[in-house]
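Reproduced below: target-v4.cif, with mmCIF, N, CA and C atoms.
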data_query
loop_
_atom_site.label_atom_id
_atom_site.label_comp_id
_atom_site.auth_asym_id
_atom_site.auth_seq_id
_atom_site.Cartn_x
_atom_site.Cartn_y
_atom_site.Cartn_z
N MET A 1 19.40 -9.59 -9.87
CA MET A 1 18.45 -8.49 -9.86
C MET A 1 17.95 -8.26 -8.43
N SER A 2 17.91 -7.02 -8.03
CA SER A 2 17.37 -6.65 -6.72
C SER A 2 15.93 -7.12 -6.62
N THR A 3 15.51 -7.50 -5.42
CA THR A 3 14.12 -7.91 -5.27
C THR A 3 13.17 -6.76 -5.55
N LEU A 4 13.63 -5.53 -5.41
CA LEU A 4 12.79 -4.37 -5.68
C LEU A 4 12.73 -4.01 -7.16
N GLN A 5 13.62 -4.58 -7.94
CA GLN A 5 13.66 -4.24 -9.37
C GLN A 5 12.34 -4.57 -10.05
N ARG A 6 11.64 -5.60 -9.56
CA ARG A 6 10.36 -5.96 -10.17
C ARG A 6 9.37 -4.80 -10.10
N PHE A 7 9.43 -4.02 -9.04
CA PHE A 7 8.55 -2.86 -8.91
C PHE A 7 8.95 -1.75 -9.87
N LEU A 8 10.23 -1.49 -9.96
CA LEU A 8 10.71 -0.46 -10.88
C LEU A 8 10.35 -0.82 -12.32
N ASP A 9 10.53 -2.07 -12.69
CA ASP A 9 10.19 -2.51 -14.04
C ASP A 9 8.70 -2.33 -14.32
N ALA A 10 7.86 -2.74 -13.37
CA ALA A 10 6.41 -2.65 -13.56
C ALA A 10 5.94 -1.19 -13.60
N GLN A 11 6.56 -0.34 -12.78
CA GLN A 11 6.14 1.06 -12.72
C GLN A 11 6.61 1.88 -13.91
N ALA A 12 7.59 1.38 -14.65
CA ALA A 12 8.18 2.17 -15.74
C ALA A 12 7.15 2.68 -16.73
N SER A 13 6.14 1.88 -17.02
CA SER A 13 5.16 2.28 -18.02
C SER A 13 3.84 2.77 -17.45
N SER A 14 3.67 2.71 -16.13
CA SER A 14 2.35 3.04 -15.59
C SER A 14 2.34 4.00 -14.41
N TYR A 15 3.49 4.36 -13.87
CA TYR A 15 3.48 5.22 -12.69
C TYR A 15 2.80 6.56 -12.96
N SER A 16 3.14 7.20 -14.05
CA SER A 16 2.55 8.51 -14.36
C SER A 16 1.04 8.43 -14.46
N GLN A 17 0.54 7.38 -15.10
CA GLN A 17 -0.91 7.18 -15.22
C GLN A 17 -1.53 6.97 -13.84
N ALA A 18 -0.90 6.15 -13.01
CA ALA A 18 -1.42 5.89 -11.67
C ALA A 18 -1.49 7.17 -10.86
N LEU A 19 -0.43 7.95 -10.87
CA LEU A 19 -0.42 9.20 -10.11
C LEU A 19 -1.48 10.16 -10.64
N SER A 20 -1.65 10.22 -11.94
CA SER A 20 -2.68 11.08 -12.54
C SER A 20 -4.08 10.66 -12.09
N GLU A 21 -4.34 9.37 -12.09
CA GLU A 21 -5.65 8.87 -11.65
C GLU A 21 -5.90 9.21 -10.18
N LEU A 22 -4.89 9.02 -9.35
CA LEU A 22 -5.05 9.33 -7.93
C LEU A 22 -5.24 10.82 -7.71
N ALA A 23 -4.53 11.64 -8.47
CA ALA A 23 -4.69 13.09 -8.37
C ALA A 23 -6.10 13.52 -8.75
N CYS A 24 -6.71 12.78 -9.68
CA CYS A 24 -8.09 13.06 -10.10
C CYS A 24 -9.12 12.44 -9.16
N GLY A 25 -8.66 11.58 -8.26
CA GLY A 25 -9.56 10.97 -7.29
C GLY A 25 -10.34 9.77 -7.80
N GLU A 26 -9.84 9.13 -8.86
CA GLU A 26 -10.53 7.96 -9.39
C GLU A 26 -9.56 7.02 -10.10
N LYS A 27 -9.32 5.86 -9.49
CA LYS A 27 -8.48 4.84 -10.10
C LYS A 27 -9.28 4.17 -11.22
N ARG A 28 -8.71 4.14 -12.42
CA ARG A 28 -9.42 3.59 -13.57
C ARG A 28 -8.69 2.43 -14.25
N SER A 29 -7.41 2.28 -14.01
CA SER A 29 -6.67 1.21 -14.68
C SER A 29 -6.05 0.27 -13.64
N HIS A 30 -5.28 -0.69 -14.12
CA HIS A 30 -4.85 -1.80 -13.26
C HIS A 30 -3.37 -1.73 -12.95
N TRP A 31 -3.04 -1.23 -11.75
CA TRP A 31 -1.64 -1.04 -11.34
C TRP A 31 -1.44 -1.15 -9.83
N ILE A 32 -2.47 -1.39 -9.09
CA ILE A 32 -2.38 -1.25 -7.63
C ILE A 32 -1.33 -2.17 -7.01
N TRP A 33 -1.12 -3.36 -7.57
CA TRP A 33 -0.20 -4.34 -6.96
C TRP A 33 1.22 -3.82 -6.83
N TYR A 34 1.67 -3.07 -7.81
CA TYR A 34 3.07 -2.62 -7.81
C TYR A 34 3.25 -1.14 -7.55
N ILE A 35 2.15 -0.40 -7.43
CA ILE A 35 2.23 1.03 -7.08
C ILE A 35 1.96 1.20 -5.58
N LEU A 36 0.98 0.48 -5.06
CA LEU A 36 0.60 0.53 -3.64
C LEU A 36 0.67 -0.90 -3.09
N PRO A 37 1.88 -1.43 -2.93
CA PRO A 37 2.02 -2.86 -2.59
C PRO A 37 1.60 -3.18 -1.17
N ARG A 38 1.31 -4.45 -0.97
CA ARG A 38 0.95 -4.95 0.35
C ARG A 38 1.68 -6.27 0.57
N LEU A 39 1.49 -6.85 1.73
CA LEU A 39 2.22 -8.07 2.08
C LEU A 39 1.80 -9.28 1.25
N GLN A 40 2.76 -10.16 1.02
CA GLN A 40 2.45 -11.46 0.45
C GLN A 40 1.52 -12.18 1.41
N GLY A 41 0.64 -12.98 0.87
CA GLY A 41 -0.28 -13.74 1.71
C GLY A 41 -1.65 -13.09 1.83
N LEU A 42 -1.80 -11.89 1.31
CA LEU A 42 -3.10 -11.21 1.38
C LEU A 42 -3.93 -11.43 0.13
N GLY A 43 -3.31 -11.84 -0.93
CA GLY A 43 -4.03 -12.10 -2.18
C GLY A 43 -3.48 -13.35 -2.84
N HIS A 44 -4.28 -13.94 -3.70
CA HIS A 44 -3.87 -15.20 -4.31
C HIS A 44 -3.76 -15.11 -5.83
N SER A 45 -3.96 -13.93 -6.37
CA SER A 45 -3.78 -13.76 -7.81
C SER A 45 -2.30 -13.78 -8.14
N ARG A 46 -2.00 -14.00 -9.39
CA ARG A 46 -0.60 -14.00 -9.84
C ARG A 46 0.06 -12.66 -9.53
N MET A 47 -0.65 -11.55 -9.78
CA MET A 47 -0.09 -10.22 -9.52
C MET A 47 0.16 -10.02 -8.03
N SER A 48 -0.76 -10.47 -7.19
CA SER A 48 -0.56 -10.35 -5.74
C SER A 48 0.66 -11.12 -5.29
N MET A 49 0.86 -12.28 -5.86
CA MET A 49 2.02 -13.08 -5.47
C MET A 49 3.32 -12.48 -6.01
N ASP A 50 3.28 -12.02 -7.25
CA ASP A 50 4.49 -11.45 -7.85
C ASP A 50 4.93 -10.15 -7.17
N PHE A 51 3.96 -9.35 -6.73
CA PHE A 51 4.29 -8.03 -6.19
C PHE A 51 4.02 -7.90 -4.70
N GLY A 52 3.75 -9.01 -4.03
CA GLY A 52 3.59 -8.96 -2.58
C GLY A 52 4.92 -8.69 -1.90
N ILE A 53 4.91 -7.83 -0.92
CA ILE A 53 6.09 -7.52 -0.12
C ILE A 53 6.32 -8.71 0.82
N ASN A 54 7.55 -9.22 0.87
CA ASN A 54 7.78 -10.48 1.59
C ASN A 54 8.04 -10.33 3.09
N GLY A 55 7.91 -9.15 3.64
CA GLY A 55 8.08 -8.98 5.08
C GLY A 55 8.52 -7.58 5.45
N ARG A 56 8.77 -7.40 6.73
CA ARG A 56 9.17 -6.08 7.24
C ARG A 56 10.39 -5.52 6.54
N GLN A 57 11.41 -6.36 6.34
CA GLN A 57 12.65 -5.85 5.76
C GLN A 57 12.44 -5.36 4.33
N GLU A 58 11.72 -6.12 3.53
CA GLU A 58 11.49 -5.66 2.16
C GLU A 58 10.63 -4.39 2.16
N ALA A 59 9.68 -4.29 3.07
CA ALA A 59 8.88 -3.06 3.17
C ALA A 59 9.77 -1.88 3.56
N ALA A 60 10.66 -2.10 4.51
CA ALA A 60 11.59 -1.03 4.92
C ALA A 60 12.51 -0.65 3.77
N ASP A 61 12.98 -1.63 3.02
CA ASP A 61 13.82 -1.36 1.85
C ASP A 61 13.04 -0.58 0.79
N TYR A 62 11.78 -0.93 0.62
CA TYR A 62 10.93 -0.27 -0.38
C TYR A 62 10.77 1.21 -0.04
N ILE A 63 10.38 1.50 1.19
CA ILE A 63 10.14 2.90 1.56
C ILE A 63 11.44 3.69 1.59
N ALA A 64 12.56 3.03 1.84
CA ALA A 64 13.86 3.71 1.85
C ALA A 64 14.44 3.90 0.45
N HIS A 65 13.89 3.19 -0.52
CA HIS A 65 14.40 3.29 -1.89
C HIS A 65 14.14 4.71 -2.42
N PRO A 66 15.12 5.34 -3.03
CA PRO A 66 14.95 6.74 -3.45
C PRO A 66 13.86 6.97 -4.49
N VAL A 67 13.55 5.99 -5.29
CA VAL A 67 12.48 6.14 -6.29
C VAL A 67 11.18 5.56 -5.76
N LEU A 68 11.19 4.32 -5.34
CA LEU A 68 9.96 3.65 -4.91
C LEU A 68 9.34 4.30 -3.69
N GLY A 69 10.16 4.63 -2.70
CA GLY A 69 9.63 5.27 -1.50
C GLY A 69 9.00 6.61 -1.80
N GLU A 70 9.68 7.40 -2.60
CA GLU A 70 9.15 8.72 -2.96
C GLU A 70 7.85 8.59 -3.76
N ARG A 71 7.80 7.65 -4.66
CA ARG A 71 6.57 7.45 -5.45
C ARG A 71 5.41 7.01 -4.56
N LEU A 72 5.67 6.12 -3.63
CA LEU A 72 4.61 5.66 -2.73
C LEU A 72 4.06 6.83 -1.93
N ILE A 73 4.94 7.63 -1.38
CA ILE A 73 4.51 8.80 -0.61
C ILE A 73 3.74 9.77 -1.49
N GLN A 74 4.20 10.01 -2.71
CA GLN A 74 3.48 10.90 -3.63
C GLN A 74 2.07 10.38 -3.90
N CYS A 75 1.94 9.08 -4.09
CA CYS A 75 0.62 8.51 -4.36
C CYS A 75 -0.31 8.66 -3.16
N VAL A 76 0.19 8.38 -1.98
CA VAL A 76 -0.65 8.51 -0.78
C VAL A 76 -1.05 9.97 -0.59
N LYS A 77 -0.13 10.88 -0.80
CA LYS A 77 -0.46 12.31 -0.68
C LYS A 77 -1.46 12.74 -1.74
N ALA A 78 -1.40 12.16 -2.92
CA ALA A 78 -2.39 12.47 -3.97
C ALA A 78 -3.78 12.05 -3.52
N VAL A 79 -3.89 10.89 -2.90
CA VAL A 79 -5.18 10.42 -2.39
C VAL A 79 -5.66 11.33 -1.26
N LEU A 80 -4.75 11.77 -0.43
CA LEU A 80 -5.12 12.65 0.69
C LEU A 80 -5.68 14.00 0.23
N ARG A 81 -5.51 14.34 -1.02
CA ARG A 81 -6.10 15.58 -1.54
C ARG A 81 -7.61 15.46 -1.76
N HIS A 82 -8.17 14.29 -1.45
CA HIS A 82 -9.60 14.04 -1.64
C HIS A 82 -10.26 13.61 -0.33
N PRO A 83 -10.12 14.41 0.74
CA PRO A 83 -10.63 13.98 2.04
C PRO A 83 -12.15 13.86 2.09
N GLY A 84 -12.85 14.49 1.16
CA GLY A 84 -14.30 14.40 1.13
C GLY A 84 -14.82 13.12 0.49
N LYS A 85 -13.94 12.36 -0.10
CA LYS A 85 -14.33 11.11 -0.75
C LYS A 85 -14.05 9.93 0.17
N GLN A 86 -14.74 8.86 -0.07
CA GLN A 86 -14.46 7.60 0.61
C GLN A 86 -13.44 6.83 -0.23
N ALA A 87 -12.66 5.98 0.42
CA ALA A 87 -11.67 5.18 -0.31
C ALA A 87 -12.34 4.34 -1.40
N VAL A 88 -13.51 3.82 -1.11
CA VAL A 88 -14.22 3.00 -2.09
C VAL A 88 -14.61 3.82 -3.33
N ASP A 89 -14.84 5.11 -3.17
CA ASP A 89 -15.16 5.97 -4.31
C ASP A 89 -13.94 6.21 -5.19
N ILE A 90 -12.78 6.20 -4.59
CA ILE A 90 -11.53 6.43 -5.32
C ILE A 90 -11.04 5.15 -5.97
N PHE A 91 -11.10 4.04 -5.23
CA PHE A 91 -10.48 2.79 -5.66
C PHE A 91 -11.45 1.69 -6.10
N GLY A 92 -12.70 1.76 -5.67
CA GLY A 92 -13.59 0.61 -5.81
C GLY A 92 -13.44 -0.27 -4.57
N ASP A 93 -14.38 -1.19 -4.39
CA ASP A 93 -14.42 -2.01 -3.17
C ASP A 93 -13.14 -2.79 -2.90
N ILE A 94 -12.72 -3.57 -3.86
CA ILE A 94 -11.58 -4.47 -3.65
C ILE A 94 -10.29 -3.70 -3.46
N ASP A 95 -10.05 -2.71 -4.32
CA ASP A 95 -8.80 -1.96 -4.21
C ASP A 95 -8.78 -1.02 -3.01
N ALA A 96 -9.93 -0.64 -2.50
CA ALA A 96 -9.96 0.15 -1.26
C ALA A 96 -9.39 -0.67 -0.11
N GLN A 97 -9.69 -1.97 -0.10
CA GLN A 97 -9.13 -2.85 0.93
C GLN A 97 -7.62 -3.00 0.74
N LYS A 98 -7.19 -3.09 -0.51
CA LYS A 98 -5.75 -3.20 -0.79
C LYS A 98 -5.02 -1.93 -0.34
N PHE A 99 -5.65 -0.78 -0.54
CA PHE A 99 -5.05 0.48 -0.10
C PHE A 99 -4.89 0.49 1.41
N CYS A 100 -5.92 0.03 2.14
CA CYS A 100 -5.83 -0.05 3.60
C CYS A 100 -4.69 -0.98 4.02
N SER A 101 -4.54 -2.10 3.35
CA SER A 101 -3.45 -3.03 3.65
C SER A 101 -2.09 -2.39 3.42
N CYS A 102 -1.97 -1.67 2.32
CA CYS A 102 -0.71 -0.98 2.00
C CYS A 102 -0.39 0.06 3.07
N LEU A 103 -1.37 0.87 3.43
CA LEU A 103 -1.17 1.91 4.44
C LEU A 103 -0.76 1.29 5.78
N THR A 104 -1.43 0.21 6.15
CA THR A 104 -1.13 -0.46 7.42
C THR A 104 0.31 -0.96 7.44
N LEU A 105 0.73 -1.57 6.35
CA LEU A 105 2.09 -2.09 6.25
C LEU A 105 3.11 -0.98 6.40
N PHE A 106 2.97 0.08 5.62
CA PHE A 106 4.01 1.11 5.62
C PHE A 106 3.93 2.01 6.84
N GLN A 107 2.76 2.15 7.45
CA GLN A 107 2.69 2.88 8.71
C GLN A 107 3.44 2.11 9.79
N ALA A 108 3.37 0.79 9.74
CA ALA A 108 4.05 -0.04 10.74
C ALA A 108 5.57 0.00 10.58
N VAL A 109 6.05 0.00 9.35
CA VAL A 109 7.51 -0.06 9.16
C VAL A 109 8.15 1.31 8.99
N ALA A 110 7.34 2.34 8.73
CA ALA A 110 7.90 3.68 8.50
C ALA A 110 7.04 4.75 9.18
N PRO A 111 6.90 4.67 10.51
CA PRO A 111 6.06 5.66 11.20
C PRO A 111 6.59 7.08 11.08
N GLN A 112 7.84 7.24 10.65
CA GLN A 112 8.41 8.57 10.47
C GLN A 112 7.77 9.31 9.28
N HIS A 113 7.01 8.59 8.47
CA HIS A 113 6.29 9.20 7.35
C HIS A 113 4.82 9.30 7.75
N PRO A 114 4.35 10.46 8.17
CA PRO A 114 3.00 10.59 8.71
C PRO A 114 1.87 10.40 7.71
N CYS A 115 2.15 10.41 6.42
CA CYS A 115 1.08 10.29 5.44
C CYS A 115 0.32 8.97 5.55
N PHE A 116 0.98 7.90 5.98
CA PHE A 116 0.31 6.61 6.07
C PHE A 116 -0.73 6.60 7.19
N ALA A 117 -0.34 7.08 8.36
CA ALA A 117 -1.29 7.17 9.48
C ALA A 117 -2.39 8.17 9.17
N GLU A 118 -2.04 9.27 8.52
CA GLU A 118 -3.04 10.27 8.15
C GLU A 118 -4.08 9.69 7.21
N ALA A 119 -3.63 8.95 6.20
CA ALA A 119 -4.58 8.35 5.26
C ALA A 119 -5.44 7.28 5.94
N LEU A 120 -4.86 6.52 6.84
CA LEU A 120 -5.66 5.55 7.60
C LEU A 120 -6.75 6.27 8.39
N GLU A 121 -6.40 7.39 8.99
CA GLU A 121 -7.38 8.16 9.75
C GLU A 121 -8.47 8.74 8.85
N VAL A 122 -8.06 9.39 7.77
CA VAL A 122 -9.01 10.07 6.88
C VAL A 122 -9.96 9.09 6.19
N PHE A 123 -9.43 7.98 5.69
CA PHE A 123 -10.24 7.09 4.85
C PHE A 123 -10.78 5.86 5.56
N TYR A 124 -10.21 5.52 6.72
CA TYR A 124 -10.64 4.30 7.42
C TYR A 124 -10.92 4.55 8.90
N GLY A 125 -11.03 5.81 9.30
CA GLY A 125 -11.30 6.13 10.69
C GLY A 125 -10.22 5.64 11.63
N GLY A 126 -8.99 5.52 11.12
CA GLY A 126 -7.87 5.04 11.93
C GLY A 126 -7.75 3.53 12.00
N ARG A 127 -8.72 2.83 11.43
CA ARG A 127 -8.71 1.36 11.46
C ARG A 127 -7.62 0.82 10.55
N LYS A 128 -6.83 -0.09 11.10
CA LYS A 128 -5.77 -0.74 10.33
C LYS A 128 -6.26 -2.10 9.84
N ASP A 129 -5.60 -2.62 8.83
CA ASP A 129 -5.96 -3.92 8.30
C ASP A 129 -5.48 -5.02 9.25
N ALA A 130 -6.42 -5.74 9.82
CA ALA A 130 -6.10 -6.75 10.83
C ALA A 130 -5.22 -7.86 10.28
N ARG A 131 -5.49 -8.31 9.08
CA ARG A 131 -4.70 -9.42 8.52
C ARG A 131 -3.25 -8.99 8.27
N THR A 132 -3.04 -7.76 7.84
CA THR A 132 -1.68 -7.25 7.66
C THR A 132 -0.95 -7.25 9.00
N LEU A 133 -1.62 -6.79 10.04
CA LEU A 133 -1.00 -6.77 11.37
C LEU A 133 -0.67 -8.18 11.84
N GLU A 134 -1.55 -9.15 11.56
CA GLU A 134 -1.27 -10.54 11.94
C GLU A 134 -0.05 -11.07 11.22
N LEU A 135 0.06 -10.77 9.93
CA LEU A 135 1.21 -11.25 9.16
C LEU A 135 2.51 -10.58 9.59
N LEU A 136 2.42 -9.33 10.01
CA LEU A 136 3.60 -8.61 10.48
C LEU A 136 4.04 -9.08 11.86
N ASN A 137 3.08 -9.48 12.68
CA ASN A 137 3.34 -9.84 14.08
C ASN A 137 2.72 -11.19 14.39
N PRO A 138 3.21 -12.28 13.81
CA PRO A 138 2.56 -13.58 14.00
C PRO A 138 2.51 -14.03 15.46
N ALA A 139 3.52 -13.73 16.26
CA ALA A 139 3.51 -14.15 17.67
C ALA A 139 2.39 -13.46 18.42
N SER A 140 2.19 -12.18 18.15
CA SER A 140 1.12 -11.44 18.82
C SER A 140 -0.24 -12.00 18.44
N ALA A 141 -0.41 -12.37 17.18
CA ALA A 141 -1.68 -12.94 16.74
C ALA A 141 -1.94 -14.27 17.43
N ASP A 142 -0.90 -15.09 17.58
CA ASP A 142 -1.05 -16.37 18.28
C ASP A 142 -1.43 -16.15 19.74
N GLU A 143 -0.83 -15.15 20.38
CA GLU A 143 -1.13 -14.86 21.78
C GLU A 143 -2.58 -14.39 21.94
N ARG A 144 -3.09 -13.63 20.97
CA ARG A 144 -4.47 -13.15 21.05
C ARG A 144 -5.47 -14.30 20.94
N ARG A 145 -5.07 -15.37 20.27
CA ARG A 145 -5.97 -16.51 20.09
C ARG A 145 -6.06 -17.38 21.35
N LEU A 146 -5.10 -17.26 22.25
CA LEU A 146 -5.08 -18.11 23.46
C LEU A 146 -6.16 -17.71 24.44
#
Do you think you could lay out the structure here as structure tokens?
Amino acid sequence: MSTLQRFLDAQASSYSQALSELACGEKRSHWIWYILPRLQGLGHSRMSMDFGINGRQEAADYIAHPVLGERLIQCVKAVLRHPGKQAVDIFGDIDAQKFCSCLTLFQAVAPQHPCFAEALEVFYGGRKDARTLELLNPASADERRL
């Protein structure tokens, strides 16, 4: 089984609901781990571990996947239709941080898709998730500590 198959399987029953909630500007159910994924190591729940992206290559494969990449972009664009809202109003406190982590990851590996940088700007003032950047660039993080 492809490493990405776990996302397709999980999204099979909930993607439409997730997109609908984002289009309405309010996340109400539990799907963020496999709809708006982030790097492994950022969460310790079973869902975070099961659906954490294992590095740059898997993130690049995800965004390049004809179904998963398109769905991710659709979801981010749905959130961007609510520029007057704060991320916390759409997602709640914890999931707003997860959204920032997801955006940071995919902006780093797929800068050719401007929606990630745009959403970071609109909802986080351009601020990227520092821990995601550290996990993506461990040597740079070590150099900053010296």
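If you measure from each of A:Met47, A:Ala130, A:Ile63, A:Leu22 to Ala110 (chain A) using only N, CA and C atoms, the closest one turns out to be A:Ile63.
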From the set A:Ala18, A:Leu80, A:Ala87, A:Ala108, which residue has the shortest atom-to-atom contact distance to Tyr124 (chain A), counting all atoms listed in the file?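 For Tyr124 (chain A), the nearest of the given residues is A:Ala87.
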Expressed in Å to a single decimal, how great is the separation between atom C of Cys24 (chain A) and atom N of Asp93 (chain A)?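 Value for the atom C of Cys24 (chain A)-atom N of Asp93 (chain A) distance: 15.4 Å.
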Here's the selection I'm unsure about, the PyMOL selection byres ((chain A and resi 37) around 6); applied to the file above, which residues does it give, as number ranges by chain? A: 32-36, 38-39, 51, 53, 101-102
A:Val122, A:Ala64, A:Ala117, A:Leu103: which is nearest Lys85 (chain A), counting all atoms listed in the file?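 Using all atoms listed in the file, Lys85 (chain A) sits closest to A:Val122.
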Evaluate the PyMOL selection byres (((chain A and resi 55 and name CA) around 10) and name CA) here and jot the selected residues down as an MDAnalysis selection string. chainID A and resid 38:40 52:54 56:60 105 109 135:136
Which residue out of A:Met49, A:Ile73, A:Leu68, A:Leu42 has the minimum interatomic distance to Phe7 (chain A) when all atoms listed in the file are used? A:Leu68
Atomic separation - CA of Lys27 (chain A) relative to CA of Pro83 (chain A), Å: 15.3 Å
Quote the spacing between atom C of Thr104 (chain A) and CA of Leu133 (chain A) in Å to one decimal place.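 Distance between the two atoms: 7.1 Å.
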Among chain A, which residues does DSSP mark as helix (DSSP H, G or I) when it is run on the backbone? Keep the chain and numbering as in the structure and answer as a ChimeraX atom specification. /A:5-11,15-24,32-35,46-51,56-64,68-80,87-91,93-109,115-124,130-136,138-145
Enclose the full set of atoms of region 98-102 of chain A listed in the file within a box whose edges lie along x, y and z, apply 8 Å of padding to each of the six sides, and report centre and edge lengths in Å to one decimal as JSON.
{"center_x": -3.8, "center_y": -1.4, "center_z": 1.6, "size_x": 22.8, "size_y": 19.7, "size_z": 20.8}
Which residue of A:Pro138, A:Glu70, A:Lys77, A:Cys100 approaches Leu120 (chain A) most closely, using only C-alpha atoms: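 Closest residue, counting only C-alpha atoms: A:Cys100.
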Identify which of the residues A:Tyr62, A:Glu26, A:Ala78, A:Glu134 lies closest to Ala96 (chain A), counting only C-alpha atoms when measuring atom-to-atom distances. A:Glu26
Show which residues sit within 7 Å of Val79 (chain A), as a VMD selection string. Count only N, CA and C atoms, and ignore same-chain residues fewer than 3 positions away. chain A and resid 22 to 23 25 74 to 76 82 to 83
